[in-house]
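Structure data (PDB, C-alpha atoms) from input.pdb:
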```
ATOM      1  CA  MET A   1      -7.915 -16.927 -19.025
ATOM      2  CA  PRO A   2      -8.745 -15.913 -22.617
ATOM      3  CA  PRO A   3      -7.234 -12.689 -23.953
ATOM      4  CA  ALA A   4      -9.691  -9.840 -23.646
ATOM      5  CA  ALA A   5      -7.828  -6.736 -22.553
ATOM      6  CA  SER A   6     -10.148  -3.761 -22.579
ATOM      7  CA  SER A   7      -9.156  -0.482 -24.209
ATOM      8  CA  ARG A   8      -9.667   1.351 -20.929
ATOM      9  CA  ALA A   9      -7.291  -0.958 -19.067
ATOM     10  CA  ARG A  10      -4.673  -0.677 -21.799
ATOM     11  CA  SER A  11      -4.920   3.115 -21.816
ATOM     12  CA  TRP A  12      -3.791   3.230 -18.192
ATOM     13  CA  THR A  13      -0.296   2.149 -19.189
ATOM     14  CA  ALA A  14       0.135   3.034 -22.855
ATOM     15  CA  ARG A  15       3.609   4.436 -22.328
ATOM     16  CA  ALA A  16       7.257   3.395 -22.193
ATOM     17  CA  ALA A  17       8.239   0.535 -19.906
ATOM     18  CA  ARG A  18       9.102   1.444 -16.321
ATOM     19  CA  PRO A  19      10.791  -0.448 -13.479
ATOM     20  CA  ASN A  20       8.892  -3.375 -11.970
ATOM     21  CA  PHE A  21       8.161  -2.634  -8.318
ATOM     22  CA  ALA A  22       6.073  -5.786  -7.823
ATOM     23  CA  ALA A  23       8.735  -7.970  -6.236
ATOM     24  CA  SER A  24       9.288  -5.713  -3.241
ATOM     25  CA  TRP A  25       5.596  -4.994  -2.662
ATOM     26  CA  ASN A  26       3.901  -8.393  -2.745
ATOM     27  CA  ASN A  27       3.080  -7.958   0.944
ATOM     28  CA  ARG A  28       0.399  -5.486  -0.177
ATOM     29  CA  GLU A  29      -1.505  -8.013  -2.242
ATOM     30  CA  SER A  30      -4.061  -9.212   0.274
ATOM     31  CA  LEU A  31      -7.073  -7.156  -0.771
ATOM     32  CA  MET A  32      -9.010  -7.101   2.485
ATOM     33  CA  PRO A  33      -7.007  -8.977   5.125
ATOM     34  CA  PRO A  34      -8.373  -9.451   8.658
ATOM     35  CA  ASP A  35      -5.523  -7.311   9.971
ATOM     36  CA  ALA A  36      -5.596  -4.444   7.502
ATOM     37  CA  GLY A  37      -3.719  -2.176   9.892
ATOM     38  CA  ARG A  38      -0.737  -4.529  10.091
ATOM     39  CA  ALA A  39      -0.575  -4.722   6.296
ATOM     40  CA  PHE A  40      -0.557  -0.928   6.047
ATOM     41  CA  LEU A  41       2.218  -0.733   8.658
ATOM     42  CA  ALA A  42       4.394  -3.119   6.663
ATOM     43  CA  VAL A  43       4.009  -0.889   3.622
ATOM     44  CA  LEU A  44       4.755   2.271   5.578
ATOM     45  CA  LEU A  45       7.854   0.845   7.212
ATOM     46  CA  ALA A  46       9.246  -0.251   3.857
ATOM     47  CA  ALA A  47       8.517   3.189   2.416
ATOM     48  CA  LEU A  48      10.167   4.963   5.335
ATOM     49  CA  LEU A  49      13.244   2.757   5.100
ATOM     50  CA  ALA A  50      13.514   3.593   1.412
ATOM     51  CA  ALA A  51      13.034   7.303   2.071
ATOM     52  CA  CYS A  52      15.705   7.384   4.755
ATOM     53  CA  ALA A  53      18.101   5.356   2.641
ATOM     54  CA  GLY A  54      17.794   7.979  -0.051
ATOM     55  CA  THR A  55      18.851  10.772   2.304
ATOM     56  CA  GLY A  56      21.394   8.954   4.430
ATOM     57  CA  GLY A  57      18.839   8.791   7.227
ATOM     58  CA  ALA A  58      18.498  12.544   7.562
ATOM     59  CA  THR A  59      15.477  14.411   6.326
ATOM     60  CA  PRO A  60      16.377  17.458   4.200
ATOM     61  CA  ALA A  61      15.891  20.713   6.081
ATOM     62  CA  THR A  62      14.414  22.640   3.168
ATOM     63  CA  GLY A  63      11.022  22.956   1.553
ATOM     64  CA  GLY A  64       9.031  22.053   4.662
ATOM     65  CA  ARG A  65      10.537  18.555   4.745
ATOM     66  CA  GLY A  66      11.718  18.526   8.359
ATOM     67  CA  ALA A  67      14.848  19.164  10.408
ATOM     68  CA  GLU A  68      18.189  17.574   9.603
ATOM     69  CA  MET A  69      19.063  14.875  12.114
ATOM     70  CA  SER A  70      22.115  14.479  14.321
ATOM     71  CA  ARG A  71      24.352  11.456  13.885
ATOM     72  CA  GLN A  72      23.120  10.021  17.188
ATOM     73  CA  GLY A  73      19.489  10.591  16.263
ATOM     74  CA  ASN A  74      20.023   8.967  12.891
ATOM     75  CA  ALA A  75      21.609   5.909  14.530
ATOM     76  CA  ASN A  76      18.666   5.560  16.905
ATOM     77  CA  LEU A  77      16.223   5.960  14.024
ATOM     78  CA  ARG A  78      17.820   3.121  12.099
ATOM     79  CA  LEU A  79      17.935   0.883  15.163
ATOM     80  CA  ALA A  80      14.288   1.633  15.941
ATOM     81  CA  GLN A  81      13.349   0.755  12.357
ATOM     82  CA  SER A  82      15.348  -2.467  12.487
ATOM     83  CA  TYR A  83      13.822  -3.564  15.785
ATOM     84  CA  LEU A  84      10.338  -2.672  14.573
ATOM     85  CA  GLN A  85      10.834  -4.654  11.393
ATOM     86  CA  SER A  86      11.932  -7.717  13.378
ATOM     87  CA  GLY A  87       9.084  -7.393  15.888
ATOM     88  CA  LYS A  88      11.260  -6.415  18.871
ATOM     89  CA  LEU A  89       8.883  -3.692  19.936
ATOM     90  CA  GLU A  90      10.310  -2.963  23.388
ATOM     91  CA  TYR A  91      13.742  -2.291  21.908
ATOM     92  CA  ALA A  92      12.224  -0.296  19.051
ATOM     93  CA  LEU A  93      10.331   1.899  21.507
ATOM     94  CA  ASP A  94      13.462   2.489  23.576
ATOM     95  CA  ARG A  95      15.484   3.557  20.536
ATOM     96  CA  ALA A  96      12.730   5.821  19.234
ATOM     97  CA  ARG A  97      12.525   7.524  22.626
ATOM     98  CA  ARG A  98      16.289   7.987  22.724
ATOM     99  CA  GLY A  99      16.226   9.430  19.242
ATOM    100  CA  LEU A 100      13.521  11.925  20.139
ATOM    101  CA  GLN A 101      15.522  13.067  23.175
ATOM    102  CA  THR A 102      18.322  14.282  20.909
ATOM    103  CA  ASP A 103      16.197  15.109  17.844
ATOM    104  CA  PRO A 104      12.697  16.112  18.982
ATOM    105  CA  ASP A 105      11.993  17.792  15.635
ATOM    106  CA  SER A 106      12.728  14.741  13.484
ATOM    107  CA  ALA A 107       9.613  13.910  11.481
ATOM    108  CA  ASP A 108      10.952  10.449  10.630
ATOM    109  CA  LEU A 109      11.430   9.588  14.301
ATOM    110  CA  HIS A 110       7.866  10.664  15.051
ATOM    111  CA  VAL A 111       6.608   8.492  12.182
ATOM    112  CA  VAL A 112       8.502   5.467  13.495
ATOM    113  CA  MET A 113       7.204   6.204  16.984
ATOM    114  CA  GLY A 114       3.688   6.260  15.562
ATOM    115  CA  MET A 115       4.213   2.857  13.945
ATOM    116  CA  ILE A 116       5.491   1.418  17.213
ATOM    117  CA  GLN A 117       2.566   2.877  19.139
ATOM    118  CA  GLU A 118       0.151   1.272  16.696
ATOM    119  CA  ARG A 119       1.828  -2.088  17.176
ATOM    120  CA  ILE A 120       1.565  -1.827  20.978
ATOM    121  CA  ASN A 121      -2.112  -0.874  20.747
ATOM    122  CA  GLN A 122      -1.846   2.844  21.441
ATOM    123  CA  PRO A 123      -3.706   4.239  18.408
ATOM    124  CA  ALA A 124      -4.455   7.648  19.921
ATOM    125  CA  ARG A 125      -0.799   8.270  20.733
ATOM    126  CA  ALA A 126       0.133   7.015  17.286
ATOM    127  CA  GLY A 127      -2.170   9.600  15.766
ATOM    128  CA  GLU A 128      -0.494  12.332  17.801
ATOM    129  CA  SER A 129       2.918  11.183  16.576
ATOM    130  CA  TYR A 130       1.837  11.142  12.929
ATOM    131  CA  ALA A 131       0.164  14.538  13.243
ATOM    132  CA  ARG A 132       3.278  16.059  14.789
ATOM    133  CA  ALA A 133       5.425  14.562  12.036
ATOM    134  CA  ALA A 134       3.148  16.155   9.435
ATOM    135  CA  ARG A 135       3.450  19.534  11.171
ATOM    136  CA  LEU A 136       7.237  19.238  11.287
ATOM    137  CA  ALA A 137       7.582  18.164   7.655
ATOM    138  CA  PRO A 138       4.475  19.320   5.777
ATOM    139  CA  GLY A 139       6.201  18.927   2.427
ATOM    140  CA  SER A 140       7.326  15.321   2.953
ATOM    141  CA  GLY A 141       5.364  12.811   0.902
ATOM    142  CA  HIS A 142       6.207   9.743   2.971
ATOM    143  CA  VAL A 143       5.289  11.549   6.212
ATOM    144  CA  ARG A 144       1.935  12.689   4.828
ATOM    145  CA  ASN A 145       1.328   9.190   3.491
ATOM    146  CA  ALA A 146       1.922   7.714   6.952
ATOM    147  CA  TYR A 147      -0.529  10.119   8.569
ATOM    148  CA  ALA A 148      -3.097   9.487   5.837
ATOM    149  CA  VAL A 149      -2.986   5.743   6.429
ATOM    150  CA  TRP A 150      -3.563   6.207  10.149
ATOM    151  CA  LEU A 151      -6.528   8.496   9.450
ATOM    152  CA  CYS A 152      -7.947   5.911   7.069
ATOM    153  CA  GLN A 153      -7.679   3.217   9.731
ATOM    154  CA  GLN A 154      -9.699   5.433  12.066
ATOM    155  CA  GLY A 155     -12.437   5.844   9.457
ATOM    156  CA  ARG A 156     -11.581   9.515   8.897
ATOM    157  CA  HIS A 157     -11.559   9.132   5.145
ATOM    158  CA  ASP A 158     -12.017  12.766   4.118
ATOM    159  CA  GLN A 159      -9.065  13.838   6.259
ATOM    160  CA  ALA A 160      -7.044  10.924   4.916
ATOM    161  CA  GLU A 161      -7.772  12.052   1.372
ATOM    162  CA  THR A 162      -6.431  15.522   2.229
ATOM    163  CA  GLN A 163      -3.200  14.032   3.554
ATOM    164  CA  PHE A 164      -2.824  11.757   0.536
ATOM    165  CA  ALA A 165      -3.224  14.793  -1.733
ATOM    166  CA  ALA A 166      -0.375  16.492   0.140
ATOM    167  CA  ALA A 167       1.766  13.374  -0.319
ATOM    168  CA  PHE A 168       1.094  13.374  -4.061
ATOM    169  CA  ALA A 169       2.160  17.024  -4.243
ATOM    170  CA  ASP A 170       5.705  16.285  -3.031
ATOM    171  CA  PRO A 171       7.860  16.464  -6.193
ATOM    172  CA  PHE A 172      10.710  14.611  -4.454
ATOM    173  CA  TYR A 173       8.623  11.654  -3.253
ATOM    174  CA  GLY A 174      10.283   8.748  -5.031
ATOM    175  CA  ASN A 175       7.719   6.116  -4.014
ATOM    176  CA  LYS A 176       4.609   8.048  -4.935
ATOM    177  CA  HIS A 177       2.984   4.991  -6.525
ATOM    178  CA  GLN A 178       2.871   3.456  -3.044
ATOM    179  CA  ALA A 179       0.864   6.402  -1.743
ATOM    180  CA  TYR A 180      -1.521   6.010  -4.681
ATOM    181  CA  TYR A 181      -1.942   2.350  -3.758
ATOM    182  CA  ASN A 182      -2.662   3.266  -0.130
ATOM    183  CA  ALA A 183      -5.102   5.976  -1.211
ATOM    184  CA  GLY A 184      -6.836   3.613  -3.614
ATOM    185  CA  ARG A 185      -7.113   0.894  -1.020
ATOM    186  CA  CYS A 186      -8.383   3.367   1.572
ATOM    187  CA  ALA A 187     -11.065   4.622  -0.816
ATOM    188  CA  TRP A 188     -11.980   1.047  -1.746
ATOM    189  CA  LEU A 189     -12.387  -0.006   1.887
ATOM    190  CA  ALA A 190     -14.459   3.146   2.457
ATOM    191  CA  GLY A 191     -16.875   2.153  -0.315
ATOM    192  CA  ARG A 192     -15.682   4.770  -2.811
ATOM    193  CA  PRO A 193     -14.841   2.724  -5.920
ATOM    194  CA  THR A 194     -14.699   5.696  -8.298
ATOM    195  CA  VAL A 195     -12.156   7.490  -6.118
ATOM    196  CA  ALA A 196     -10.239   4.229  -5.713
ATOM    197  CA  GLU A 197     -10.096   3.756  -9.478
ATOM    198  CA  THR A 198      -8.731   7.274  -9.971
ATOM    199  CA  HIS A 199      -5.906   6.710  -7.486
ATOM    200  CA  LEU A 200      -5.046   3.289  -8.868
ATOM    201  CA  ARG A 201      -4.952   4.627 -12.420
ATOM    202  CA  LYS A 202      -2.442   7.287 -11.368
ATOM    203  CA  GLY A 203      -0.381   4.740  -9.471
ATOM    204  CA  LEU A 204      -0.241   2.490 -12.524
ATOM    205  CA  ASP A 205       0.843   5.435 -14.652
ATOM    206  CA  LEU A 206       3.925   5.571 -12.413
ATOM    207  CA  ALA A 207       4.426   1.822 -11.930
ATOM    208  CA  PRO A 208       2.535  -0.116 -14.628
ATOM    209  CA  GLU A 209       3.875  -3.512 -13.529
ATOM    210  CA  ASP A 210       3.215  -3.129  -9.806
ATOM    211  CA  ALA A 211       1.576  -6.401  -8.758
ATOM    212  CA  ALA A 212      -0.454  -5.012  -5.872
ATOM    213  CA  LEU A 213      -1.807  -2.073  -7.870
ATOM    214  CA  LEU A 214      -2.839  -4.420 -10.676
ATOM    215  CA  LEU A 215      -4.598  -6.838  -8.335
ATOM    216  CA  LEU A 216      -6.540  -4.117  -6.564
ATOM    217  CA  ALA A 217      -7.453  -2.512  -9.905
ATOM    218  CA  ALA A 218      -8.841  -5.869 -11.017
ATOM    219  CA  GLU A 219     -10.886  -6.156  -7.818
ATOM    220  CA  VAL A 220     -12.313  -2.658  -8.245
ATOM    221  CA  GLU A 221     -13.251  -3.260 -11.886
ATOM    222  CA  TYR A 222     -14.840  -6.582 -10.935
ATOM    223  CA  ALA A 223     -16.916  -4.898  -8.233
ATOM    224  CA  ASN A 224     -17.957  -2.253 -10.761
ATOM    225  CA  GLY A 225     -19.200  -4.996 -13.095
ATOM    226  CA  ASP A 226     -16.589  -4.322 -15.786
ATOM    227  CA  TYR A 227     -15.421  -7.914 -16.126
ATOM    228  CA  LEU A 228     -13.385  -7.365 -19.294
ATOM    229  CA  SER A 229     -11.293  -4.664 -17.630
ATOM    230  CA  ALA A 230     -10.984  -6.823 -14.524
ATOM    231  CA  ARG A 231      -9.780  -9.715 -16.683
ATOM    232  CA  ALA A 232      -7.234  -7.463 -18.397
ATOM    233  CA  PHE A 233      -5.746  -6.335 -15.099
ATOM    234  CA  LEU A 234      -5.596  -9.941 -13.871
ATOM    235  CA  GLN A 235      -3.735 -10.948 -17.019
ATOM    236  CA  ARG A 236      -1.183  -8.227 -16.408
ATOM    237  CA  ARG A 237      -0.919  -9.174 -12.740
ATOM    238  CA  GLU A 238      -0.253 -12.803 -13.666
ATOM    239  CA  ALA A 239       2.561 -11.654 -15.941
ATOM    240  CA  ALA A 240       4.046  -9.486 -13.177
ATOM    241  CA  GLY A 241       4.894 -12.219 -10.679
ATOM    242  CA  ALA A 242       4.029 -15.426  -8.869
ATOM    243  CA  SER A 243       0.427 -16.391  -8.225
ATOM    244  CA  THR A 244      -1.188 -15.834  -4.843
ATOM    245  CA  PRO A 245      -4.398 -17.387  -3.501
ATOM    246  CA  GLU A 246      -6.092 -13.987  -3.696
ATOM    247  CA  LEU A 247      -5.185 -13.708  -7.366
ATOM    248  CA  LEU A 248      -6.505 -17.167  -8.281
ATOM    249  CA  ASP A 249      -9.672 -16.684  -6.238
ATOM    250  CA  LEU A 250     -10.393 -13.345  -7.887
ATOM    251  CA  ALA A 251      -9.610 -14.764 -11.332
ATOM    252  CA  ALA A 252     -12.156 -17.551 -10.785
ATOM    253  CA  ARG A 253     -14.803 -15.044  -9.714
ATOM    254  CA  ILE A 254     -14.109 -12.809 -12.697
ATOM    255  CA  GLU A 255     -14.375 -15.677 -15.179
ATOM    256  CA  GLU A 256     -17.537 -16.966 -13.512
ATOM    257  CA  ALA A 257     -19.116 -13.515 -13.764
ATOM    258  CA  ALA A 258     -17.959 -13.137 -17.376
ATOM    259  CA  GLY A 259     -19.656 -16.420 -18.273
ATOM    260  CA  ASP A 260     -16.522 -18.496 -18.856
ATOM    261  CA  ARG A 261     -17.198 -21.422 -16.526
ATOM    262  CA  ALA A 262     -14.358 -23.529 -17.960
ATOM    263  CA  SER A 263     -11.729 -20.883 -17.166
ATOM    264  CA  ALA A 264     -13.248 -20.360 -13.726
ATOM    265  CA  ASP A 265     -12.981 -24.087 -13.016
ATOM    266  CA  ARG A 266      -9.337 -24.124 -14.114
ATOM    267  CA  TYR A 267      -8.509 -21.317 -11.706
ATOM    268  CA  ARG A 268     -10.336 -23.088  -8.889
ATOM    269  CA  GLN A 269      -8.396 -26.255  -9.608
ATOM    270  CA  ARG A 270      -5.115 -24.337  -9.423
ATOM    271  CA  LEU A 271      -6.287 -22.731  -6.188
ATOM    272  CA  ARG A 272      -7.023 -26.130  -4.612
ATOM    273  CA  GLN A 273      -3.732 -27.597  -5.785
ATOM    274  CA  GLN A 274      -1.429 -24.703  -4.903
ATOM    275  CA  PHE A 275      -3.179 -23.325  -1.806
ATOM    276  CA  PRO A 276      -5.246 -26.151  -0.267
ATOM    277  CA  ASP A 277      -5.744 -24.283   3.027
ATOM    278  CA  PHE A 278      -7.194 -21.163   1.403
ATOM    279  CA  THR A 279     -10.950 -20.631   1.729
ATOM    280  CA  PRO A 280     -12.442 -19.278  -1.523
ATOM    281  CA  THR A 281     -14.557 -16.146  -1.397
ATOM    282  CA  ALA A 282     -17.614 -17.979  -2.750
ATOM    283  CA  PRO A 283     -18.558 -21.653  -3.111
ATOM    284  CA  GLU A 284     -17.535 -23.356  -6.329
ATOM    285  CA  GLY A 285     -20.033 -22.735  -9.094
ATOM    286  CA  ALA A 286     -21.685 -19.793  -7.328
ATOM    287  CA  ARG A 287     -22.444 -16.958  -9.693
ATOM    288  CA  GLN A 288     -20.751 -13.708  -8.658
ATOM    289  CA  GLN A 289     -22.675 -10.499  -9.193
TER     290      GLN A 289
END
```

Represent the structure of the file as structure tokens.
Amino acid sequence: MPPAASSRARSWTARAARPNFAASWNNRESLMPPDAGRAFLAVLLAALLAACAGTGGATPATGGRGAEMSRQGNANLRLAQSYLQSGKLEYALDRARRGLQTDPDSADLHVVMGMIQERINQPARAGESYARAARLAPGSGHVRNAYAVWLCQQGRHDQAETQFAAAFADPFYGNKHQAYYNAGRCAWLAGRPTVAETHLRKGLDLAPEDAALLLLAAEVEYANGDYLSARAFLQRREAAGASTPELLDLAARIEEAAGDRASADRYRQRLRQQFPDFTPTAPEGARQQ
């Protein structure tokens, strides 16, 4: 791909280097997977694990961030998370229920319960769990983020945007760039590219080397017809980590749209060689508009 970084793309990250979050968040890189809900859940679980690790498993009891947990409740929370992460949903549900018996006001336990309920196809109950968590810990960024994602999955985009805004307002939310990614992806799936771009720009201000943010930013710019900006974000994404089929497919489409057929063909060749089972978004040689 020839160098052509746009000034707008560069301005998003014209600041000192920050930690690279890409390695731990590559599971977010599928732009529009068939099971978007499962992808969101993977992100939320990782975020919740990180949030609990930072507080020893107990949510601080100040600033509207929820009640402090008992030792027994904390143990059940961690077991529920572990079982959920490994797909042992029956055990996860049992531990979440036990945790809520001793700690009914734990926002984190209600969030984990919501995740489990989504996985066992109980979306309405999941929504109730997320909503209760948000009431218990209105100042918690990761709790508001979880509720926002559920609202987005239900097509309630305006309400999701309100919850995302509350997540952004949490000054102690250490993984805020993840909420910006979720908000950007939600807006993108809702057909709101301008809103998506705003969220992604803010996320990249916090984590300029985040692979998933860069890939989605490239997709949004491509859809907006700004192929030079899209190319610039793809270049940065390529530098941030290993290639994925989505990256190579998007790169080919960007180069085709930008008029560089030779570069597009090179990306398609790499796609065929590295990911032979992947179905490209458009037939080879088709002009992308």

> Out of A:Asp210, A:Ala196, A:Gln117, A:Pro276, which residue has the shortest atom-to-atom distance to Glu238 (chain A) when counting all atoms listed in the file?
Replying inline: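 For Glu238 (chain A), the nearest of the given residues is A:Asp210.
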
>> Translate the PyMOL selection byres ((chain A and resi 133-136) around 8) into a concrete residue list for this structure, as a PyMOL selection string.
In response: chain A and resi 64-67+105-108+110-111+129-132+137-138+140+143-144+147

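Closest approach to Ala179 (chain A) among A:Gln72, A:Thr281, A:Asn145, A:Thr198 is made by A:Asn145 (distances from only C-alpha atoms).
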
>> For the provided coordinates, the residues matched by the PyMOL selection byres ((chain A and resi 86-96) around 9) should be stated as a ChimeraX atom specification.
In response: /A:73,75-85,97-101,109-110,112-113,116-117,119-120

> Any idea what the distance is between CA of Glu256 (chain A) and CA of Thr279 (chain A)?
Replying inline: 17.0 Å
